[in-house]
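Just below is one structure, and these are the notes that go with it.
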Amino acid sequence: MLFDAFSLRATPLKNRAVMSPLTRSRAAENNTPNSLMATYYAQRAGAGLIITEGTSPSPNGLGYARIPGLFNDAQVQGWKLVTDAVHAKGGRIVVQLMHTGRVAHSDNLPAGAEVLSSSSETCPGQMWTDTQGNQPHTPPRAMTEADIQVAIGEYATAARLAIEAGFDGIELHAANGYFLEQFLNANVNRRTDGYGGTAEGRNRLVLEVARAAVKEIGAERVGIRLSPHGVLNGTGAFEGVDEQYLALVKQLSALGLMYVHVLDHSALGTPPVPAKLKTDLRAAFDGPFILAGGLDKASALQALSEGRADLTAMGRAFIANPDLVDRMRQDAPLNAPAPETFYTPGAKGYTDYPTLAG
């Protein structure tokens with residue numbers, strides 16, 4: 001089943017292997033995609049679907065060094081290099097819209113941007129800056145309701161620009177402790193207004209962003225990534241988490257989204273997403289369901305054959321194996337990734353991994 005074609009709403013895919021979104025920090029000039037990035041993604045166009053690295057819809061969301069944005073014309077033109085290259089190889093590609101929120105350092109932001117979040121608590125841990133090396137995260141400002149409306153508009157604009165740039169759709173990144181999950185997660189969201197305080201209040205922003213994107217580009221082009229029970233960036237489980245996410249996914253299902261993409265980080269040593277919750281989320285969403293987290297060919301095939309997912313996403317294996325689908329089809333050995341080059345500028349460890357074809 002992994003190598004079978006699949007219809008992702010209105011988008012035909014040549015197989016069910018998805019390239020996970022993977023931050024690579026190569027957008028060196030003004031957070032603008034470039035020809036090197038076009039080469040990287042085109043090399044991996046054998047995937048049924050590519051989900052790009054996290055891409056900010058706002059100057060305020062560029063928390064990491066050298067991550068791309070999608071809020072001005074130069075970035076649209078840069079991304080067109082990527083989408084044209086992928087489509088020329090017969091691939092399909094969506095852009096992951098990732099606002100970092102409080103997972104940020106001010107040195108990584110352009111002039112005039114600021115670190116914003118649901119609440120004013122600083123994200124634990126440190127953040128790499130090209131100016132000062134590792135630094136503690138910058139304390140965020142708790143957003144006003146007016147700030148929230150601006151952010152919703154930024155997502156809608158980025159969705160429109162994504163289609164202008166040639167993408168087949170967008171993925172809203174509501175996982176891994178970034179901006180949207182900073183509203184979803186009760187350990188981070190300390191608000192007492194209509195965007196917090198209850199499960200319904202915490203779900204509100206994600207639903208409003210999803211509706212705004214759907215209004216702009218159509219539901220069949222809007223996917224979402226979730227990581228309930230994730231612990232990254234100061235999140236973690238909380239009382240009622242399963243019920244909250246089930247309610248969220250039922251409302252997202254009613255919108256008719258392109259897909260729901262659920263990430264389980266337990267392969268990296270974190271608590272697993274309970275198997276029952278995954279099953280319940282799949283049942284709650286009337287549409288394509290993507291599973292991710294530590295999958296290989298065998299476990300992907302098992303998830304598909306057991307009906308636990310329609311599509312399966314893989315990350316690091318795609319970094320090191322541009323021709324991963326061909327390698328899995330042939331049961332060929334895989335290249336090992338070089339983690340020391342995951343986030344460094346330039347082609348080394350990015351576009352120079354060997355393929356079976358040589």
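Identifiers for the structure tokens are assigned positionally: chains receive A, B, ... in sequence, residues are indexed from 1 per chain, and ligands are indexed from 1 in the order shown.
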
Residues near Gly346 in chain A, cut-off 7 Å, only C-alpha atoms, skip fewer than 2 positions along chain, as a list of chain:residue names = A:Arg26, A:Thr344, A:Lys348

Selection near Gly63 in chain A, 6 Å with only C-alpha atoms, sequence-local residues under 6 positions removed, as a ChimeraX atom specification = /A:100,104-105,108

What separation in Å, quoted to one decimal, exists between CA of Tyr40 in chain A and CA of Gly315 in chain A?
->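 Rounded to one decimal, the two atoms are 13.9 Å apart.
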
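Neighbouring residues of Pro333 in chain A at 10 Å or closer, counting only C-alpha atoms and skipping chain neighbours under 3 positions away, are Asn321, Leu324, Arg327, Met328, Gln330, Ala336 and Leu356 of chain A.
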
Those of range 48-230 of chain A in DSSP strand (DSSP E or B), formatted as a PyMOL selection string | chain A and resi 49-56+69+93-97+116-117+126-129+133-136+141-142+170-174+222-226
